[in-house]
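**Q** So here's work_9.cif (mmCIF, C-alpha atoms).
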```cif
data_model
#
loop_
_atom_site.group_PDB
_atom_site.id
_atom_site.type_symbol
_atom_site.label_atom_id
_atom_site.label_comp_id
_atom_site.auth_asym_id
_atom_site.auth_seq_id
_atom_site.Cartn_x
_atom_site.Cartn_y
_atom_site.Cartn_z
ATOM 1 C CA MET B 1 238.996 215.824 116.359
ATOM 2 C CA PRO B 2 236.337 217.583 118.535
ATOM 3 C CA ALA B 3 233.657 215.432 120.041
ATOM 4 C CA ILE B 4 230.268 215.633 118.407
ATOM 5 C CA THR B 5 227.468 216.218 120.888
ATOM 6 C CA ASP B 6 223.878 215.208 120.299
ATOM 7 C CA ALA B 7 222.100 218.543 120.831
ATOM 8 C CA PRO B 8 218.544 217.143 120.619
ATOM 9 C CA SER B 9 219.411 214.474 123.201
ATOM 10 C CA LEU B 10 220.853 217.076 125.570
ATOM 11 C CA ARG B 11 217.783 219.247 125.109
ATOM 12 C CA ARG B 12 215.508 216.268 125.681
ATOM 13 C CA GLY B 13 217.413 215.490 128.891
ATOM 14 C CA ARG B 14 216.984 219.051 130.155
ATOM 15 C CA ILE B 15 213.269 218.983 129.357
ATOM 16 C CA THR B 16 212.829 215.659 131.162
ATOM 17 C CA SER B 17 214.771 216.908 134.196
ATOM 18 C CA THR B 18 212.740 220.114 134.376
ATOM 19 C CA LEU B 19 209.500 218.194 133.972
ATOM 20 C CA TRP B 20 210.240 215.779 136.800
ATOM 21 C CA TRP B 21 211.509 218.477 139.155
ATOM 22 C CA SER B 22 208.327 220.502 138.664
ATOM 23 C CA VAL B 23 206.178 217.379 139.090
ATOM 24 C CA ALA B 24 208.040 216.509 142.305
ATOM 25 C CA LEU B 25 207.547 220.005 143.711
ATOM 26 C CA ILE B 26 203.849 220.042 142.840
ATOM 27 C CA ALA B 27 203.410 216.565 144.324
ATOM 28 C CA MET B 28 205.077 217.729 147.527
ATOM 29 C CA LEU B 29 202.781 220.761 147.732
ATOM 30 C CA CYS B 30 199.722 218.559 147.214
ATOM 31 C CA LEU B 31 200.951 216.107 149.837
ATOM 32 C CA ILE B 32 201.470 218.927 152.333
ATOM 33 C CA ALA B 33 197.948 220.156 151.645
ATOM 34 C CA LEU B 34 196.468 216.675 152.122
ATOM 35 C CA LEU B 35 198.381 216.119 155.368
ATOM 36 C CA ALA B 36 197.633 219.572 156.789
ATOM 37 C CA PRO B 37 195.582 218.210 159.739
ATOM 38 C CA VAL B 38 198.549 216.003 160.691
ATOM 39 C CA LEU B 39 201.326 218.538 160.074
ATOM 40 C CA ALA B 40 199.667 221.635 161.538
ATOM 41 C CA PRO B 41 200.468 222.173 165.235
ATOM 42 C CA TYR B 42 197.193 224.054 165.807
ATOM 43 C CA ARG B 43 193.767 224.404 164.246
ATOM 44 C CA PRO B 44 193.777 227.107 161.547
ATOM 45 C CA ASN B 45 191.311 229.387 163.371
ATOM 46 C CA GLU B 46 192.422 228.673 166.941
ATOM 47 C CA LEU B 47 192.974 231.839 168.984
ATOM 48 C CA LEU B 48 195.984 231.006 171.145
ATOM 49 C CA ASP B 49 196.299 234.098 173.326
ATOM 50 C CA ILE B 50 194.837 237.287 171.937
ATOM 51 C CA ILE B 51 196.964 239.391 174.287
ATOM 52 C CA ALA B 52 200.309 237.650 174.694
ATOM 53 C CA LEU B 53 200.632 236.059 171.241
ATOM 54 C CA LYS B 54 199.218 238.790 169.028
ATOM 55 C CA ASN B 55 201.396 239.648 165.985
ATOM 56 C CA ARG B 56 204.391 237.640 167.172
ATOM 57 C CA PRO B 57 207.304 237.388 164.699
ATOM 58 C CA PRO B 58 208.705 233.977 163.691
ATOM 59 C CA SER B 59 210.127 232.044 166.629
ATOM 60 C CA PHE B 60 210.980 228.499 167.641
ATOM 61 C CA GLU B 61 207.484 227.949 169.037
ATOM 62 C CA HIS B 62 205.776 229.561 166.026
ATOM 63 C CA PRO B 63 208.132 229.171 163.015
ATOM 64 C CA LEU B 64 206.102 231.513 160.799
ATOM 65 C CA GLY B 65 204.845 233.792 163.558
ATOM 66 C CA THR B 66 201.281 234.651 164.523
ATOM 67 C CA ASP B 67 198.714 237.091 163.139
ATOM 68 C CA GLN B 68 196.669 239.873 164.706
ATOM 69 C CA TYR B 69 194.277 237.342 166.210
ATOM 70 C CA SER B 70 197.101 235.244 167.743
ATOM 71 C CA ARG B 71 196.527 232.436 165.232
ATOM 72 C CA ASP B 72 199.533 230.317 164.302
ATOM 73 C CA LEU B 73 200.580 231.300 160.776
ATOM 74 C CA LEU B 74 202.180 227.936 159.973
ATOM 75 C CA SER B 75 198.902 226.144 160.677
ATOM 76 C CA ARG B 76 196.969 228.633 158.580
ATOM 77 C CA MET B 77 199.463 228.306 155.723
ATOM 78 C CA LEU B 78 199.160 224.514 155.721
ATOM 79 C CA PHE B 79 195.367 224.600 155.711
ATOM 80 C CA GLY B 80 195.437 227.501 153.257
ATOM 81 C CA ALA B 81 197.306 225.301 150.799
ATOM 82 C CA ARG B 82 194.290 222.975 150.754
ATOM 83 C CA ILE B 83 191.938 225.815 149.837
ATOM 84 C CA SER B 84 194.181 227.535 147.280
ATOM 85 C CA LEU B 85 195.255 224.343 145.497
ATOM 86 C CA SER B 86 191.811 222.716 145.532
ATOM 87 C CA VAL B 87 190.093 225.854 144.217
ATOM 88 C CA ALA B 88 192.705 226.252 141.460
ATOM 89 C CA MET B 89 192.814 222.603 140.384
ATOM 90 C CA LEU B 90 189.055 222.022 140.441
ATOM 91 C CA ALA B 91 188.356 225.295 138.620
ATOM 92 C CA VAL B 92 190.937 224.469 135.941
ATOM 93 C CA LEU B 93 189.550 220.917 135.615
ATOM 94 C CA LEU B 94 186.072 222.347 135.067
ATOM 95 C CA ALA B 95 187.349 224.935 132.581
ATOM 96 C CA ALA B 96 189.388 222.348 130.651
ATOM 97 C CA THR B 97 186.429 219.952 130.461
ATOM 98 C CA VAL B 98 183.951 222.560 129.249
ATOM 99 C CA GLY B 99 186.443 224.174 126.872
ATOM 100 C CA THR B 100 187.491 220.843 125.367
ATOM 101 C CA ALA B 101 183.881 219.744 124.812
ATOM 102 C CA TYR B 102 182.929 223.081 123.231
ATOM 103 C CA GLY B 103 185.983 223.139 120.961
ATOM 104 C CA LEU B 104 185.465 219.512 119.897
ATOM 105 C CA VAL B 105 181.841 220.105 118.937
ATOM 106 C CA ALA B 106 182.585 223.354 117.091
ATOM 107 C CA GLY B 107 185.545 221.916 115.171
ATOM 108 C CA TYR B 108 183.804 218.652 114.294
ATOM 109 C CA LEU B 109 180.530 220.214 113.117
ATOM 110 C CA GLY B 110 182.186 222.994 111.128
ATOM 111 C CA GLY B 111 180.228 225.191 108.745
ATOM 112 C CA ARG B 112 177.468 227.411 110.091
ATOM 113 C CA ALA B 113 177.381 225.736 113.517
ATOM 114 C CA ASP B 114 181.091 226.412 113.963
ATOM 115 C CA ALA B 115 180.666 230.037 112.887
ATOM 116 C CA ILE B 116 177.820 230.617 115.357
ATOM 117 C CA MET B 117 179.669 228.950 118.222
ATOM 118 C CA MET B 118 182.802 230.988 117.539
ATOM 119 C CA ARG B 119 180.858 234.245 117.464
ATOM 120 C CA LEU B 120 179.373 233.357 120.849
ATOM 121 C CA LEU B 121 182.878 232.629 122.073
ATOM 122 C CA ASP B 122 184.113 235.991 120.780
ATOM 123 C CA ALA B 123 181.306 237.692 122.693
ATOM 124 C CA CYS B 124 182.384 235.921 125.883
ATOM 125 C CA LEU B 125 186.033 236.848 125.314
ATOM 126 C CA ALA B 126 185.058 240.495 124.854
ATOM 127 C CA ILE B 127 184.088 240.706 128.547
ATOM 128 C CA PRO B 128 187.118 241.134 130.863
ATOM 129 C CA ARG B 129 187.264 238.072 133.095
ATOM 130 C CA VAL B 130 188.146 239.925 136.289
ATOM 131 C CA LEU B 131 185.281 242.364 135.788
ATOM 132 C CA LEU B 132 182.890 239.479 135.209
ATOM 133 C CA LEU B 133 184.126 237.664 138.320
ATOM 134 C CA VAL B 134 183.788 240.756 140.495
ATOM 135 C CA ALA B 135 180.266 241.393 139.210
ATOM 136 C CA VAL B 136 179.107 237.804 139.772
ATOM 137 C CA LEU B 137 180.866 237.084 143.069
ATOM 138 C CA SER B 138 179.674 240.362 144.575
ATOM 139 C CA LEU B 139 176.204 238.811 144.711
ATOM 140 C CA TRP B 140 177.294 236.517 147.557
ATOM 141 C CA SER B 141 178.693 237.511 150.934
ATOM 142 C CA PRO B 142 180.568 235.459 151.917
ATOM 143 C CA VAL B 143 181.220 233.500 148.731
ATOM 144 C CA PRO B 144 180.808 229.713 149.168
ATOM 145 C CA LEU B 145 183.865 227.808 147.973
ATOM 146 C CA THR B 146 181.709 225.701 145.650
ATOM 147 C CA MET B 147 180.364 228.839 143.994
ATOM 148 C CA LEU B 148 183.880 230.299 143.786
ATOM 149 C CA ILE B 149 185.118 227.189 141.960
ATOM 150 C CA LEU B 150 182.133 227.148 139.602
ATOM 151 C CA VAL B 151 182.385 230.823 138.689
ATOM 152 C CA ILE B 152 186.161 230.752 138.140
ATOM 153 C CA GLY B 153 185.908 227.531 136.138
ATOM 154 C CA LEU B 154 182.972 228.634 133.981
ATOM 155 C CA THR B 155 184.732 231.890 133.064
ATOM 156 C CA GLY B 156 188.062 230.292 132.184
ATOM 157 C CA TRP B 157 187.284 227.873 129.364
ATOM 158 C CA PHE B 158 187.117 230.320 126.450
ATOM 159 C CA GLU B 159 190.793 230.202 125.445
ATOM 160 C CA VAL B 160 190.922 226.423 125.851
ATOM 161 C CA SER B 161 187.974 225.936 123.495
ATOM 162 C CA ARG B 162 189.644 228.059 120.823
ATOM 163 C CA LEU B 163 192.863 226.045 121.088
ATOM 164 C CA VAL B 164 190.963 222.761 120.878
ATOM 165 C CA ARG B 165 188.903 223.899 117.890
ATOM 166 C CA ALA B 166 192.062 224.848 115.978
ATOM 167 C CA GLU B 167 193.573 221.425 116.681
ATOM 168 C CA VAL B 168 190.352 219.644 115.709
ATOM 169 C CA LEU B 169 190.214 221.421 112.354
ATOM 170 C CA GLY B 170 193.697 220.100 111.593
ATOM 171 C CA VAL B 171 193.001 216.564 112.804
ATOM 172 C CA MET B 172 189.781 216.334 110.795
ATOM 173 C CA GLN B 173 191.804 216.586 107.569
ATOM 174 C CA ARG B 174 194.040 213.594 108.339
ATOM 175 C CA GLU B 175 193.673 210.379 106.410
ATOM 176 C CA TYR B 176 192.573 208.117 109.240
ATOM 177 C CA VAL B 177 189.728 210.483 110.180
ATOM 178 C CA LEU B 178 188.613 210.822 106.571
ATOM 179 C CA ALA B 179 188.699 207.043 106.228
ATOM 180 C CA ALA B 180 186.666 206.569 109.398
ATOM 181 C CA ARG B 181 184.018 208.989 108.133
ATOM 182 C CA ALA B 182 184.000 207.314 104.718
ATOM 183 C CA ILE B 183 183.126 203.907 106.173
ATOM 184 C CA GLY B 184 180.296 205.383 108.243
ATOM 185 C CA THR B 185 181.861 205.413 111.712
ATOM 186 C CA PRO B 186 179.553 207.271 114.145
ATOM 187 C CA GLY B 187 180.603 210.821 114.941
ATOM 188 C CA VAL B 188 180.838 210.208 118.671
ATOM 189 C CA ARG B 189 183.250 207.317 118.082
ATOM 190 C CA ILE B 190 185.355 209.388 115.706
ATOM 191 C CA ILE B 191 185.625 212.179 118.275
ATOM 192 C CA TRP B 192 186.373 209.826 121.162
ATOM 193 C CA ARG B 193 188.806 207.442 119.454
ATOM 194 C CA HIS B 194 190.496 209.539 116.766
ATOM 195 C CA VAL B 195 190.118 213.261 117.466
ATOM 196 C CA LEU B 196 190.251 213.697 121.251
ATOM 197 C CA PRO B 197 193.559 211.856 121.859
ATOM 198 C CA ASN B 198 195.246 214.066 119.257
ATOM 199 C CA VAL B 199 194.109 217.406 120.717
ATOM 200 C CA LEU B 200 194.976 216.813 124.375
ATOM 201 C CA THR B 201 198.467 218.345 124.197
ATOM 202 C CA PRO B 202 197.349 222.004 124.205
ATOM 203 C CA VAL B 203 194.727 221.172 126.828
ATOM 204 C CA LEU B 204 197.326 219.710 129.199
ATOM 205 C CA VAL B 205 199.662 222.658 128.693
ATOM 206 C CA ALA B 206 196.856 225.189 129.150
ATOM 207 C CA ALA B 207 195.653 223.383 132.277
ATOM 208 C CA ALA B 208 199.107 223.412 133.868
ATOM 209 C CA LEU B 209 199.524 227.121 133.138
ATOM 210 C CA GLY B 210 195.928 227.780 134.189
ATOM 211 C CA VAL B 211 196.427 226.451 137.722
ATOM 212 C CA GLY B 212 199.052 229.087 138.413
ATOM 213 C CA ASN B 213 196.854 231.796 136.924
ATOM 214 C CA VAL B 214 193.876 230.744 139.047
ATOM 215 C CA ILE B 215 195.967 230.735 142.236
ATOM 216 C CA ILE B 216 196.936 234.345 141.511
ATOM 217 C CA LEU B 217 193.336 235.157 140.579
ATOM 218 C CA GLU B 218 191.964 233.644 143.793
ATOM 219 C CA ALA B 219 194.544 235.547 145.820
ATOM 220 C CA GLY B 220 193.561 238.776 144.073
ATOM 221 C CA LEU B 221 189.875 238.156 144.665
ATOM 222 C CA SER B 222 190.566 237.432 148.342
ATOM 223 C CA TYR B 223 192.563 240.655 148.520
ATOM 224 C CA LEU B 224 189.524 242.483 147.129
ATOM 225 C CA GLY B 225 187.358 240.781 149.741
ATOM 226 C CA ILE B 226 185.274 238.619 147.380
ATOM 227 C CA GLY B 227 187.300 235.397 147.343
ATOM 228 C CA ALA B 228 187.773 233.054 150.275
ATOM 229 C CA ARG B 229 186.574 235.103 153.228
ATOM 230 C CA ALA B 230 187.578 235.102 156.882
ATOM 231 C CA PRO B 231 187.951 232.987 158.870
ATOM 232 C CA THR B 232 188.634 230.556 155.968
ATOM 233 C CA ALA B 233 192.387 230.208 155.518
ATOM 234 C CA SER B 234 193.688 230.525 151.969
ATOM 235 C CA TRP B 235 196.962 232.026 150.856
ATOM 236 C CA GLY B 236 195.098 234.993 149.413
ATOM 237 C CA SER B 237 193.071 235.673 152.559
ATOM 238 C CA ILE B 238 196.189 235.350 154.750
ATOM 239 C CA PHE B 239 197.994 237.825 152.508
ATOM 240 C CA PHE B 240 195.007 240.150 152.784
ATOM 241 C CA ASP B 241 195.071 239.920 156.603
ATOM 242 C CA GLY B 242 198.633 241.234 156.758
ATOM 243 C CA SER B 243 198.544 243.774 153.954
ATOM 244 C CA ASP B 244 197.375 246.672 156.140
ATOM 245 C CA ALA B 245 200.426 246.575 158.416
ATOM 246 C CA PHE B 246 203.181 245.165 156.235
ATOM 247 C CA GLN B 247 205.981 247.222 157.817
ATOM 248 C CA THR B 248 205.310 245.907 161.310
ATOM 249 C CA THR B 249 203.953 242.407 160.539
ATOM 250 C CA TRP B 250 205.903 241.578 157.380
ATOM 251 C CA TRP B 251 205.809 237.813 157.991
ATOM 252 C CA ILE B 252 202.025 237.653 157.498
ATOM 253 C CA VAL B 253 202.498 238.879 153.915
ATOM 254 C CA LEU B 254 205.906 237.358 153.142
ATOM 255 C CA PHE B 255 205.165 233.669 153.663
ATOM 256 C CA PRO B 256 201.868 233.412 151.742
ATOM 257 C CA GLY B 257 203.417 235.564 149.014
ATOM 258 C CA LEU B 258 206.375 233.188 148.726
ATOM 259 C CA ALA B 259 204.029 230.183 148.693
ATOM 260 C CA ILE B 260 202.029 231.719 145.841
ATOM 261 C CA ILE B 261 205.174 232.581 143.853
ATOM 262 C CA ILE B 262 206.737 229.122 144.284
ATOM 263 C CA THR B 263 203.515 227.316 143.362
ATOM 264 C CA VAL B 264 202.868 229.469 140.305
ATOM 265 C CA LEU B 265 206.451 229.009 139.101
ATOM 266 C CA ALA B 266 206.142 225.239 139.580
ATOM 267 C CA PHE B 267 202.961 224.995 137.498
ATOM 268 C CA ASN B 268 204.259 227.378 134.830
ATOM 269 C CA THR B 269 207.477 225.357 134.574
ATOM 270 C CA LEU B 270 205.423 222.175 134.306
ATOM 271 C CA GLY B 271 203.346 223.712 131.510
ATOM 272 C CA ALA B 272 206.428 224.795 129.571
ATOM 273 C CA ALA B 273 208.088 221.400 130.044
ATOM 274 C CA LEU B 274 204.938 219.575 128.919
ATOM 275 C CA ARG B 275 204.738 221.753 125.824
ATOM 276 C CA ASP B 276 208.355 221.015 124.931
ATOM 277 C CA ALA B 277 208.066 217.306 125.694
ATOM 278 C CA LEU B 278 204.773 216.689 123.890
ATOM 279 C CA ASP B 279 205.413 218.839 120.820
ATOM 280 C CA PRO B 280 207.147 216.618 118.223
ATOM 281 C CA HIS B 281 208.603 219.666 116.462
ATOM 282 C CA GLN B 282 210.450 220.942 119.548
ATOM 283 C CA LEU B 283 213.476 218.658 119.209
ATOM 284 C CA ALA B 284 213.832 218.671 115.436
ATOM 285 C CA ASP B 285 216.389 221.458 115.398
ATOM 286 C CA GLY B 286 216.602 222.590 119.005
ATOM 287 C CA LYS B 287 213.987 225.273 118.747
ATOM 288 C CA SER B 288 210.210 225.452 118.798
ATOM 289 C CA ARG B 289 208.221 225.799 115.663
#
```
Please render this file's structure as C-alpha cells.

**A**
Amino acid sequence: MPAITDAPSLRRGRITSTLWWSVALIAMLCLIALLAPVLAPYRPNELLDIIALKNRPPSFEHPLGTDQYSRDLLSRMLFGARISLSVAMLAVLLAATVGTAYGLVAGYLGGRADAIMMRLLDACLAIPRVLLLVAVLSLWSPVPLTMLILVIGLTGWFEVSRLVRAEVLGVMQREYVLAARAIGTPGVRIIWRHVLPNVLTPVLVAAALGVGNVIILEAGLSYLGIGARAPTASWGSIFFDGSDAFQTTWWIVLFPGLAIIITVLAFNTLGAALRDALDPHQLADGKSR
C-alpha cells in the first residue's frame, strides 16, 4: 500500500525553510552594512594612487578591483550597502506607516469620508511615481539623503493604503468589532486593539516587497544623477560610475549589479514566504486562494 504523504505539511515545511533562508540572507546583508567600517580595508572615498591604481581589475590586494579614481571597490561596496539598505528600509517604513494610517482611517470612517479619501488616493495614483520623483528631486543638487528618504517614502504609500482599507472593511463586519462598537468602545481603542492586528499581514508582505523595489528605484535615480550623488557610495552610484566604460571596467558594474539583484531577490522571496505563511487559506488545499 503506497505511503500517504501530508501535502500541507510538506508545503508548510518548504515555506518555513524559504522564509528562514531569506531572513538569514537579509540579516547577513544588514550585518555587513553595520560592520562596514570594520570590514572595509580602506575609506570609501580614499584615493589610493590615481596613476598606478586607476581602473585596476580584481586582484588579491583589491578583491573587487578599483575604479577610475583609484578607490577600492570592495570598501565602496561595503559602505554602499549602508546607504542602499538604509534608504530602502527607512523609506518603506515611512510609506508603510503613512499608508496604514490612511487606510485605517478611511476604512473605519466609511461613508462620505471614505469616498473623498479614496478619490484623493486615486488622484495620487494617477501620477507616475518615477515622474513625480524626478520632478521633485530635481529641485535639489545634490539631493540630501534625508530628503531622498522622505520623498521616496511619501510617494510609496498609496498602494499600501488601498490594501489596508480593503482589509479594514472586511474586519469591521466581524462579530467582535460589532460587539465592541455596540458597547461603546472608543474608536481609537477599536482600531488599535481589534482592527490593526488583523490588517498587518498585507502590510508586512508589501513592506518586504517594497524594500526590493526601492533599492532598484534608488539605483535608477542614482543612474539618472538625482539619487545618491558622488562621492557618496551607494550601489546605484557605483553602478553609475562604471556604466560609461563597461567593456573595459566591467567589474565596476558587475559587483554592484549582483549585490542589487541578490538583495532584491532576498526581499522578494521573504515577501512571498510571509504571504504564504501568514495567509490561513494558503495551506488548505496546497494552493493560494

**Q** List as an mmCIF file with C-alpha atoms, in the coordinates of the input: which residues have an atom within 6 Å of (203.9, 228.3, 132.4), counting all atoms listed in the file?

**A**
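What follows is the written file point-v3.cif:
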```cif
data_model
loop_
_atom_site.group_PDB
_atom_site.id
_atom_site.type_symbol
_atom_site.label_atom_id
_atom_site.label_comp_id
_atom_site.auth_asym_id
_atom_site.auth_seq_id
_atom_site.Cartn_x
_atom_site.Cartn_y
_atom_site.Cartn_z
ATOM 1 C CA LEU B 209 199.524 227.121 133.138
ATOM 2 C CA ASN B 268 204.259 227.378 134.830
ATOM 3 C CA THR B 269 207.477 225.357 134.574
ATOM 4 C CA GLY B 271 203.346 223.712 131.510
ATOM 5 C CA ALA B 272 206.428 224.795 129.571
#
```

**Q** Looking at only C-alpha atoms, which of B:Trp21, B:Gly184, B:Leu178, B:Val203 is the one that sits closest to Val160 (chain B)?

**A** B:Val203

**Q** Go ahead and fit an axis-aligned box to every listed atom of region 66-79 of chain B plus 6 Å each side, and pass me the centre and edge lengths in Å, one decimal, as lines of an AutoDock Vina configuration file.

**A**
```
center_x = 198.2
center_y = 232.2
center_z = 161.7
size_x = 19.9
size_y = 27.4
size_z = 24.0
```

**Q** Would you kindly return, as a list in words, each protein, DNA or RNA residue with an atom no farther than 9 Å from any atom of Leu150 (chain B), considering only C-alpha atoms and excluding same-chain residues fewer than 3 positions away?

**A**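 Counting only C-alpha atoms, the residues come to Leu90, Ala91, Leu94, Leu145, Thr146, Met147, Gly153, Leu154 and Thr155 of chain B.
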
**Q** Taking the file as shown, find all residues satisfying the PyMOL selection byres ((chain B and resi 169) around 10) and write them as a list of chain:residue names.

**A**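 That expression, the PyMOL selection byres ((chain B and resi 169) around 10), corresponds here to B:Gly103, B:Leu104, B:Ala106, B:Gly107, B:Tyr108, B:Leu109, B:Gly110, B:Val164, B:Arg165, B:Ala166, B:Glu167, B:Val168, B:Gly170, B:Val171, B:Met172, B:Gln173, B:Arg174, B:Val195.
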
**Q** Of the candidates B:Pro44, B:Phe158, B:Leu35, B:Thr100, which one gets nearest to Ala126 (chain B) if we count all atoms listed in the file?

**A**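 Among the listed residues, B:Phe158 lies closest to Ala126 (chain B).
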
**Q** Counting only C-alpha atoms, which residue out of B:Ile261, B:Ala208, B:Leu200, B:Leu137 sits closest to Ser222 (chain B)?

**A**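 So, comparing all the options, the nearest one is B:Leu137.
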
**Q** Could you list, as a list in words, every residue within 7 Å of region 59-69 of chain B, counting all atoms listed in the file and ignoring same-chain residues fewer than 5 positions away?

**A** Leu47, Ile50, Leu53, Lys54, Leu74, Trp251 and Ile252 of chain B

**Q** Please measure the separation of CA of Val214 (chain B) and CA of Gly242 (chain B), giving the value in Å to one decimal.

**A**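 These atoms are spaced 21.1 Å apart.
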
**Q** Have a look at B:Gly212, B:Gly257, B:Pro144, B:Gly99 and name the one nearest to Gly236 (chain B); count only C-alpha atoms.

**A**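 Answer, going by the shortest atom-to-atom distance: B:Gly257.
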
**Q** Can you pull out every residue within 10 Å of Leu121 (chain B), counting all atoms listed in the file, but drop anything in the same chain fewer than 3 positions away, and send it as a list in words?

**A**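 Counting all atoms listed in the file, the residues come to Tyr102, Ala115, Ile116, Met117, Met118, Cys124, Leu125, Ala126, Trp157, Phe158, Glu159, Ser161 and Arg162 of chain B.
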
**Q** On this structure, which residues satisfy the PyMOL selection byres ((chain B and resi 233) around 8), written as a PyMOL selection string?

**A** chain B and resi 44-45+76-77+79-80+83+228-232+234-235+237-238

**Q** Report, in Å with one decimal, the straight-line distance from CA of Leu39 (chain B) to CA of Ala27 (chain B).

**A** 16.0 Å

**Q** Just the number, please: distance in Å from CA of Ser243 (chain B) to CA of Leu224 (chain B), one decimal.

**A** 11.4 Å

**Q** Return the single residue from B:Leu270, B:Ile216, B:Leu139, B:Ile152 that is closest to Val92 (chain B), with distances computed using only C-alpha atoms.

**A**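 Of the candidates, the smallest distance to Val92 (chain B) is held by B:Ile152.
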